[in-house]
file final-v3.txt (compact mmCIF, C-alpha atoms)
# COMPACT_ATOMS: atom_id res chain seq x y z
CA MET A 1 42.66 24.09 -105.49
CA ILE A 2 44.79 24.63 -102.40
CA SER A 3 47.32 27.46 -102.64
CA PRO A 4 49.00 30.12 -100.46
CA ALA A 5 46.15 32.44 -101.47
CA ASN A 6 43.68 30.34 -99.48
CA LYS A 7 44.51 32.40 -96.41
CA TYR A 8 42.82 35.36 -98.08
CA GLU A 9 40.14 33.42 -99.92
CA VAL A 10 38.93 31.64 -96.77
CA PRO A 11 40.45 33.93 -94.13
CA PRO A 12 41.22 32.36 -90.74
CA ILE A 13 40.59 33.81 -87.32
CA ASP A 14 43.97 35.55 -87.13
CA LEU A 15 43.15 37.94 -89.99
CA PRO A 16 41.28 41.10 -88.93
CA LYS A 17 37.54 41.30 -89.48
CA GLY A 18 36.68 43.00 -92.77
CA PHE A 19 40.37 43.04 -93.73
CA ASN A 20 39.58 43.33 -97.44
CA ILE A 21 37.09 46.21 -97.31
CA GLU A 22 39.55 49.05 -97.82
CA ASN A 23 40.89 47.33 -100.96
CA ALA A 24 37.37 46.88 -102.27
CA SER A 25 36.54 50.50 -101.45
CA ARG A 26 39.57 51.71 -103.41
CA ILE A 27 38.59 49.61 -106.43
CA ARG A 28 35.08 51.04 -106.28
CA LYS A 29 36.38 54.60 -106.10
CA GLU A 30 38.88 54.22 -108.95
CA THR A 31 36.65 52.26 -111.34
CA GLY A 32 33.15 53.40 -110.51
CA MET A 33 32.05 49.78 -110.68
CA LEU A 34 29.51 48.19 -108.38
CA THR A 35 31.63 46.51 -105.75
CA ILE A 36 30.99 43.70 -103.29
CA GLY A 37 33.00 43.49 -100.07
CA VAL A 38 33.92 40.11 -98.58
CA GLY A 39 36.37 38.66 -96.07
CA ARG A 40 35.80 38.03 -92.36
CA ILE A 41 32.52 39.92 -92.22
CA ASN A 42 30.82 37.77 -89.63
CA THR A 43 28.51 40.04 -87.64
CA ALA A 44 25.44 42.01 -88.66
CA GLU A 45 26.86 45.10 -86.95
CA LEU A 46 30.05 45.03 -89.02
CA ALA A 47 28.12 44.49 -92.25
CA GLU A 48 25.84 47.43 -91.46
CA GLN A 49 28.77 49.66 -90.53
CA ILE A 50 30.55 48.96 -93.83
CA LEU A 51 27.43 49.83 -95.80
CA GLU A 52 26.66 52.93 -93.73
CA GLU A 53 30.20 54.20 -94.37
CA ASP A 54 29.53 53.71 -98.10
CA LYS A 55 32.65 51.59 -98.55
CA VAL A 56 31.04 49.11 -100.94
CA ASP A 57 27.66 48.54 -102.59
CA MET A 58 27.05 45.15 -101.01
CA VAL A 59 28.61 42.78 -98.51
CA VAL A 60 28.61 38.99 -98.78
CA MET A 61 28.92 36.50 -95.92
CA GLY A 62 29.42 32.82 -96.69
CA ARG A 63 30.75 30.98 -93.65
CA ALA A 64 28.62 33.17 -91.38
CA GLN A 65 25.56 31.48 -92.84
CA LEU A 66 27.08 28.03 -92.50
CA ALA A 67 27.58 28.68 -88.79
CA ASP A 68 23.98 29.89 -88.51
CA PRO A 69 21.59 29.40 -91.47
CA GLU A 70 19.16 31.78 -89.72
CA PHE A 71 21.76 34.56 -89.55
CA CYS A 72 19.91 36.97 -91.86
CA ASN A 73 16.48 36.27 -90.37
CA LYS A 74 17.77 36.82 -86.84
CA ALA A 75 19.58 40.01 -87.85
CA LYS A 76 16.47 41.34 -89.59
CA ALA A 77 14.41 40.61 -86.48
CA GLY A 78 16.99 42.31 -84.25
CA LEU A 79 17.87 39.04 -82.51
CA VAL A 80 21.62 39.43 -83.01
CA GLU A 81 22.39 37.94 -79.58
CA GLU A 82 20.91 34.66 -80.76
CA ILE A 83 23.23 34.31 -83.76
CA ASP A 84 25.84 31.54 -83.78
CA TYR A 85 28.82 33.49 -85.07
CA CYS A 86 31.48 32.06 -87.36
CA VAL A 87 34.85 32.29 -85.62
CA GLY A 88 36.99 31.76 -88.73
CA CYS A 89 38.49 28.50 -87.46
CA ASP A 90 38.43 26.89 -90.97
CA GLN A 91 38.50 23.47 -89.28
CA GLY A 92 35.30 22.15 -90.82
CA CYS A 93 34.72 24.17 -93.98
CA LEU A 94 38.14 24.66 -95.57
CA ASP A 95 39.87 21.65 -94.02
CA CYS A 96 37.11 19.26 -95.02
CA PHE A 97 36.93 20.81 -98.48
CA ALA A 98 40.64 20.10 -98.89
CA ASP A 99 40.38 16.58 -97.48
CA VAL A 100 39.16 14.19 -100.19
CA ASP A 101 38.19 11.68 -97.49
CA CYS A 102 35.64 14.06 -95.93
CA PRO A 103 32.12 13.28 -97.21
CA GLN A 104 31.06 16.93 -96.72
CA ILE A 105 32.15 20.11 -95.05
CA THR A 106 31.39 20.54 -91.35
CA CYS A 107 31.26 23.43 -88.89
CA LEU A 108 32.28 23.75 -85.24
CA ARG A 109 29.32 26.06 -84.61
CA ASN A 110 26.71 24.10 -86.57
CA PRO A 111 26.88 20.29 -86.35
CA ALA A 112 24.03 19.94 -88.88
CA VAL A 113 26.03 21.32 -91.83
CA GLY A 114 25.90 18.79 -94.64
CA ARG A 115 23.49 16.61 -92.62
CA GLU A 116 20.44 18.84 -92.46
CA ALA A 117 17.93 16.11 -93.31
CA GLU A 118 19.52 13.71 -90.82
CA CYS A 119 19.56 16.36 -88.10
CA GLU A 120 16.00 17.58 -88.57
CA ILE A 121 14.56 18.28 -85.13
CA ASN A 122 11.26 16.60 -84.32
CA GLN A 123 9.25 16.53 -81.12
CA ALA A 124 9.94 13.49 -78.94
CA GLU A 125 7.10 11.07 -78.27
CA LYS A 126 7.95 11.07 -74.56
CA ALA A 127 9.62 13.89 -72.68
CA GLU A 128 12.61 12.88 -70.56
CA THR A 129 14.89 14.62 -68.10
CA VAL A 130 18.44 14.41 -69.43
CA LEU A 131 21.63 15.11 -67.49
CA ILE A 132 24.47 16.51 -69.61
CA ALA A 133 27.96 16.18 -68.15
CA GLY A 134 29.96 19.21 -69.20
CA GLY A 135 29.06 22.73 -70.27
CA GLY A 136 31.27 22.93 -73.32
CA ILE A 137 29.95 23.98 -76.71
CA ALA A 138 28.88 20.40 -77.50
CA GLY A 139 27.10 19.99 -74.17
CA LEU A 140 25.25 23.27 -74.59
CA GLU A 141 24.28 22.40 -78.16
CA ALA A 142 22.95 19.07 -76.91
CA ALA A 143 20.87 20.92 -74.30
CA ILE A 144 19.44 23.24 -76.96
CA VAL A 145 18.39 20.39 -79.22
CA LEU A 146 16.97 18.37 -76.34
CA GLN A 147 14.81 21.29 -75.26
CA GLN A 148 13.68 21.91 -78.82
CA ARG A 149 12.55 18.28 -78.89
CA GLY A 150 10.55 18.72 -75.71
CA HIS A 151 12.93 17.24 -73.16
CA LYS A 152 14.15 18.81 -69.93
CA ALA A 153 17.91 19.34 -70.12
CA ILE A 154 20.18 19.81 -67.12
CA VAL A 155 23.74 20.93 -67.86
CA CYS A 156 26.29 20.16 -65.15
CA GLU A 157 29.61 21.95 -65.34
CA ALA A 158 32.37 21.44 -62.77
CA SER A 159 34.04 24.82 -63.36
CA ASP A 160 32.61 28.29 -62.80
CA GLN A 161 32.25 28.95 -66.54
CA VAL A 162 30.60 27.29 -69.50
CA GLY A 163 32.28 27.17 -72.89
CA GLY A 164 34.75 24.33 -72.46
CA GLN A 165 37.67 24.21 -74.86
CA PHE A 166 36.47 27.35 -76.65
CA LEU A 167 37.54 29.25 -73.53
CA THR A 168 40.99 27.67 -73.61
CA ALA A 169 41.40 28.26 -77.35
CA GLY A 170 40.38 31.87 -76.88
CA GLU A 171 43.35 32.56 -74.63
CA ALA A 172 45.73 32.25 -77.59
CA PRO A 173 46.85 35.44 -79.38
CA ARG A 174 44.34 36.69 -81.99
CA LYS A 175 41.81 34.01 -81.05
CA GLY A 176 39.63 36.03 -78.72
CA GLU A 177 36.58 35.33 -80.90
CA MET A 178 36.66 31.72 -79.74
CA LYS A 179 36.32 32.82 -76.14
CA ALA A 180 33.71 35.45 -76.98
CA SER A 181 31.61 32.89 -78.82
CA SER A 182 31.36 30.84 -75.64
CA GLY A 183 29.75 33.83 -73.92
CA ASP A 184 32.57 34.61 -71.48
CA GLY A 185 31.18 37.19 -69.07
CA GLN A 186 28.14 37.77 -71.27
CA LYS A 187 25.02 35.78 -72.08
CA SER A 188 26.77 32.44 -72.17
CA ARG A 189 26.24 30.55 -75.39
CA ALA A 190 24.05 33.26 -76.92
CA SER A 191 22.39 30.76 -79.20
CA TRP A 192 19.82 29.09 -76.94
CA ARG A 193 17.99 28.68 -80.23
CA GLY A 194 14.23 28.81 -80.40
CA ASP A 195 14.00 30.66 -77.07
CA PRO A 196 15.41 34.20 -76.76
CA ALA A 197 15.02 34.26 -72.97
CA GLU A 198 18.27 34.31 -71.03
CA TYR A 199 18.86 31.69 -68.43
CA SER A 200 19.63 32.97 -64.98
CA GLY A 201 23.06 31.42 -64.53
CA TYR A 202 24.70 28.36 -63.07
CA GLU A 203 26.37 27.27 -59.88
CA ARG A 204 29.85 25.99 -59.33
CA ALA A 205 30.27 22.27 -58.74
CA ASP A 206 31.65 21.15 -55.42
CA ARG A 207 35.12 19.96 -56.47
CA ARG A 208 35.55 17.92 -53.29
CA ASN A 209 32.78 15.46 -53.96
CA GLN A 210 32.00 16.35 -57.60
CA THR A 211 28.36 17.00 -56.77
CA PRO A 212 26.82 18.18 -60.04
CA TYR A 213 25.14 21.54 -60.20
CA GLY A 214 24.18 23.23 -63.41
CA ILE A 215 21.83 25.11 -65.63
CA GLN A 216 18.28 23.96 -65.98
CA ARG A 217 15.66 25.68 -68.07
CA ASN A 218 12.14 24.71 -68.92
CA ARG A 219 10.62 25.22 -72.34
CA ARG A 220 9.13 28.57 -71.33
CA GLY A 221 12.62 29.94 -70.84
CA SER A 222 12.59 30.31 -67.04
CA ALA A 223 15.35 28.84 -64.89
CA ASP A 224 14.87 26.10 -62.29
CA PRO A 225 17.38 24.76 -59.75
CA PRO A 226 18.83 21.34 -60.59
CA ASP A 227 16.91 18.34 -59.31
CA SER A 228 18.19 17.04 -56.00
CA GLY A 229 20.36 14.01 -56.51
CA SER A 230 20.46 14.32 -60.32
call {"tool": "encode", "arguments": {"input": "final-v3.txt", "output": "structure tokens"}}
result
Amino acid sequence: MISPANKYEVPPIDLPKGFNIENASRIRKETGMLTIGVGRINTAELAEQILEEDKVDMVVMGRAQLADPEFCNKAKAGLVEEIDYCVGCDQGCLDCFADVDCPQITCLRNPAVGREAECEINQAEKAETVLIAGGGIAGLEAAIVLQQRGHKAIVCEASDQVGGQFLTAGEAPRKGEMKASSGDGQKSRASWRGDPAEYSGYERADRRNQTPYGIQRNRRGSADPPDSGS
């Protein structure tokens, strides 16, 4: 059922993180009932803070685990920088749920949602070197999967930042999480899954002749310069 209440049932990015916790805490205090807190709790740090402050008895995260099915395992292992965080865009989960023509929900952060069997990652029979044009979220995800399959991925980005349209979207009011999820100024695209090592960075493309430069990492996690003439 789609109603005006959906904004609070599946809260979008423009609602504050943990917006419902104070309400839940008040209910717990007044009734003495075991209380679960929900609503835009999308990081392990926020979940832990809510519990440490004894606001509720338990927190529940739904979309956070669609964005990254390994969320809890990574948090338990202390690998929070490797988590693909839900940004509350609602574009794949809620919108596809409401659209009867969508075969299943999707997720901007996790392209395998609803297609897990189809997207199972297997080792390639022959390793290849693959050039990826563009360091947006899709290009970086492609690089991750290629490396997991045993290929050598080279990401070429013409600007001085990776993140693509997530950077642009993150400039809008209350949408800073989009920009943060692209790794702006931090470990870019924190989810180089399967390999916690950071890459060393990337070079700017020469705009005059569009010579591609980019990020290149081998399967051990170390960084190599792009191949000449790639």
call {"tool": "atom_distance", "arguments": {"input": "final-v3.txt", "atom1": "CA of Gly114 (chain A)", "atom2": "CA of Gly39 (chain A)"}}
result
22.5 Å
call {"tool": "residues_around", "arguments": {"input": "final-v3.txt", "residues": "region 58-65 of chain A", "least_positions_apart": "3", "cutoff": "6 Å", "atoms": "only C-alpha atoms", "output": "PDB file with C-alpha atoms, keeping the file's coordinate frame"}}
result
ATOM      1  CA  ILE A  36      30.990  43.700-103.290  1.00  0.00           C
ATOM      2  CA  GLY A  37      33.000  43.490-100.070  1.00  0.00           C
ATOM      3  CA  VAL A  38      33.920  40.110 -98.580  1.00  0.00           C
ATOM      4  CA  ASN A  42      30.820  37.770 -89.630  1.00  0.00           C
ATOM      5  CA  ASP A  68      23.980  29.890 -88.510  1.00  0.00           C
ATOM      6  CA  PRO A  69      21.590  29.400 -91.470  1.00  0.00           C
ATOM      7  CA  PHE A  71      21.760  34.560 -89.550  1.00  0.00           C
ATOM      8  CA  CYS A  86      31.480  32.060 -87.360  1.00  0.00           C
TER       9      CYS A  86
END
call {"tool": "closest_residue", "arguments": {"input": "final-v3.txt", "among": "A:Ile154, A:Ile121, A:Val87, A:Ile21", "to": "Arg109 (chain A)", "atoms": "only C-alpha atoms"}}
result
A:Val87
call {"tool": "atom_distance", "arguments": {"input": "final-v3.txt", "atom1": "CA of Leu51 (chain A)", "atom2": "CA of Lys179 (chain A)"}}
result
27.5 Å
call {"tool": "residues_near_point", "arguments": {"input": "final-v3.txt", "point": "(24.3, 24.7, -92.1)", "cutoff": "9 Å", "atoms": "only C-alpha atoms", "output": "list in words"}}
result
Gln65, Leu66, Ala67, Asp68, Pro69, Thr106, Cys107, Asn110, Pro111, Ala112, Val113, Gly114, Arg115 and Glu116 of chain A
call {"tool": "closest_residue", "arguments": {"input": "final-v3.txt", "among": "A:Glu45, A:Asp14, A:Glu30, A:Glu141", "to": "Pro173 (chain A)", "atoms": "only C-alpha atoms"}}
result
A:Asp14
call {"tool": "axis_aligned_box", "arguments": {"input": "final-v3.txt", "around": "region 142-145 of chain A", "padding_each_side": "8 Å", "output": "JSON"}}
result
{"center_x": 20.7, "center_y": 21.2, "center_z": -76.8, "size_x": 20.6, "size_y": 20.2, "size_z": 20.9}
call {"tool": "atom_distance", "arguments": {"input": "final-v3.txt", "atom1": "CA of Ala180 (chain A)", "atom2": "CA of Tyr8 (chain A)"}}
result
23.0 Å
call {"tool": "residues_around", "arguments": {"input": "final-v3.txt", "residues": "Pro12 (chain A)", "least_positions_apart": "4", "cutoff": "9 Å", "atoms": "all atoms listed in the file", "output": "list in words"}}
result
Lys7, Tyr8, Pro16, Arg40, Val87, Gly88, Cys89 and Asp90 of chain A
call {"tool": "write_last_selection", "arguments": {"input": "final-v3.txt", "atoms": "C-alpha atoms", "output": "PDB file, in the coordinates of the input"}}
result
ATOM      1  CA  LYS A   7      44.510  32.400 -96.410  1.00  0.00           C
ATOM      2  CA  TYR A   8      42.820  35.360 -98.080  1.00  0.00           C
ATOM      3  CA  PRO A  16      41.280  41.100 -88.930  1.00  0.00           C
ATOM      4  CA  ARG A  40      35.800  38.030 -92.360  1.00  0.00           C
ATOM      5  CA  VAL A  87      34.850  32.290 -85.620  1.00  0.00           C
ATOM      6  CA  GLY A  88      36.990  31.760 -88.730  1.00  0.00           C
ATOM      7  CA  CYS A  89      38.490  28.500 -87.460  1.00  0.00           C
ATOM      8  CA  ASP A  90      38.430  26.890 -90.970  1.00  0.00           C
TER       9      ASP A  90
END
call {"tool": "residues_around", "arguments": {"input": "final-v3.txt", "residues": "Ala138 (chain A)", "least_positions_apart": "4", "cutoff": "10 Å", "atoms": "only C-alpha atoms", "output": "PyMOL selection string"}}
result
chain A and resi 108-109+111+132+134+142-144+163-165
call {"tool": "closest_residue", "arguments": {"input": "final-v3.txt", "among": "A:Val10, A:Val155, A:Val100, A:Leu146", "to": "Asn122 (chain A)", "atoms": "only C-alpha atoms"}}
result
A:Leu146
call {"tool": "closest_residue", "arguments": {"input": "final-v3.txt", "among": "A:Gln91, A:Ile2, A:Ser181, A:Lys152", "to": "Thr43 (chain A)", "atoms": "only C-alpha atoms"}}
result
A:Ser181
call {"tool": "closest_residue", "arguments": {"input": "final-v3.txt", "among": "A:Ala98, A:Ala44, A:Cys93, A:Gln147", "to": "Leu79 (chain A)", "atoms": "all atoms listed in the file"}}
result
A:Ala44
call {"tool": "closest_residue", "arguments": {"input": "final-v3.txt", "among": "A:Ala158, A:Val80, A:Ala117, A:Cys102", "to": "Ala133 (chain A)", "atoms": "only C-alpha atoms"}}
result
A:Ala158
call {"tool": "residues_around", "arguments": {"input": "final-v3.txt", "residues": "Val56 (chain A)", "least_positions_apart": "5", "cutoff": "12 Å", "atoms": "only C-alpha atoms", "output": "PyMOL selection string"}}
result
chain A and resi 18+20-29+32-38+47-51
call {"tool": "decode", "arguments": {"input": "final-v3.txt", "residues": "region 30-46 of chain A", "atoms": "N, CA and C atoms", "output": "PDB file, in the first residue's frame"}}
result
ATOM      1  N   GLU A  30       7.737   5.069  28.900  1.00  0.00           N
ATOM      2  CA  GLU A  30       6.373   5.194  29.435  1.00  0.00           C
ATOM      3  C   GLU A  30       5.680   3.853  29.619  1.00  0.00           C
ATOM      4  N   THR A  31       6.058   2.856  28.800  1.00  0.00           N
ATOM      5  CA  THR A  31       5.347   1.568  28.860  1.00  0.00           C
ATOM      6  C   THR A  31       6.147   0.458  29.521  1.00  0.00           C
ATOM      7  N   GLY A  32       7.454   0.618  29.560  1.00  0.00           N
ATOM      8  CA  GLY A  32       8.289  -0.442  30.097  1.00  0.00           C
ATOM      9  C   GLY A  32       8.405  -1.646  29.182  1.00  0.00           C
ATOM     10  N   MET A  33       7.927  -1.502  27.956  1.00  0.00           N
ATOM     11  CA  MET A  33       7.965  -2.606  27.004  1.00  0.00           C
ATOM     12  C   MET A  33       9.327  -2.676  26.306  1.00  0.00           C
ATOM     13  N   LEU A  34       9.691  -3.893  25.901  1.00  0.00           N
ATOM     14  CA  LEU A  34      10.871  -4.033  25.057  1.00  0.00           C
ATOM     15  C   LEU A  34      10.611  -3.291  23.756  1.00  0.00           C
ATOM     16  N   THR A  35      11.549  -2.473  23.345  1.00  0.00           N
ATOM     17  CA  THR A  35      11.316  -1.570  22.218  1.00  0.00           C
ATOM     18  C   THR A  35      12.436  -1.691  21.189  1.00  0.00           C
ATOM     19  N   ILE A  36      12.023  -1.729  19.925  1.00  0.00           N
ATOM     20  CA  ILE A  36      12.968  -1.793  18.817  1.00  0.00           C
ATOM     21  C   ILE A  36      12.975  -0.447  18.102  1.00  0.00           C
ATOM     22  N   GLY A  37      14.151   0.092  17.841  1.00  0.00           N
ATOM     23  CA  GLY A  37      14.271   1.352  17.126  1.00  0.00           C
ATOM     24  C   GLY A  37      14.590   1.122  15.657  1.00  0.00           C
ATOM     25  N   VAL A  38      13.918   1.833  14.792  1.00  0.00           N
ATOM     26  CA  VAL A  38      14.129   1.718  13.345  1.00  0.00           C
ATOM     27  C   VAL A  38      14.107   3.119  12.731  1.00  0.00           C
ATOM     28  N   GLY A  39      14.491   3.196  11.458  1.00  0.00           N
ATOM     29  CA  GLY A  39      14.345   4.452  10.720  1.00  0.00           C
ATOM     30  C   GLY A  39      15.641   5.174  10.456  1.00  0.00           C
ATOM     31  N   ARG A  40      16.209   4.941   9.273  1.00  0.00           N
ATOM     32  CA  ARG A  40      17.431   5.632   8.834  1.00  0.00           C
ATOM     33  C   ARG A  40      18.609   5.358   9.765  1.00  0.00           C
ATOM     34  N   ILE A  41      18.694   4.136  10.253  1.00  0.00           N
ATOM     35  CA  ILE A  41      19.879   3.693  10.987  1.00  0.00           C
ATOM     36  C   ILE A  41      20.704   2.910   9.975  1.00  0.00           C
ATOM     37  N   ASN A  42      21.695   3.542   9.406  1.00  0.00           N
ATOM     38  CA  ASN A  42      22.392   2.904   8.290  1.00  0.00           C
ATOM     39  C   ASN A  42      23.897   2.759   8.473  1.00  0.00           C
ATOM     40  N   THR A  43      24.392   3.031   9.685  1.00  0.00           N
ATOM     41  CA  THR A  43      25.805   2.792   9.960  1.00  0.00           C
ATOM     42  C   THR A  43      25.931   2.017  11.270  1.00  0.00           C
ATOM     43  N   ALA A  44      27.002   1.242  11.365  1.00  0.00           N
ATOM     44  CA  ALA A  44      27.243   0.471  12.586  1.00  0.00           C
ATOM     45  C   ALA A  44      27.501   1.408  13.763  1.00  0.00           C
ATOM     46  N   GLU A  45      28.164   2.535  13.504  1.00  0.00           N
ATOM     47  CA  GLU A  45      28.468   3.486  14.573  1.00  0.00           C
ATOM     48  C   GLU A  45      27.198   4.071  15.170  1.00  0.00           C
ATOM     49  N   LEU A  46      26.237   4.429  14.324  1.00  0.00           N
ATOM     50  CA  LEU A  46      24.984   4.990  14.823  1.00  0.00           C
ATOM     51  C   LEU A  46      24.205   3.948  15.611  1.00  0.00           C
TER      52      LEU A  46
END
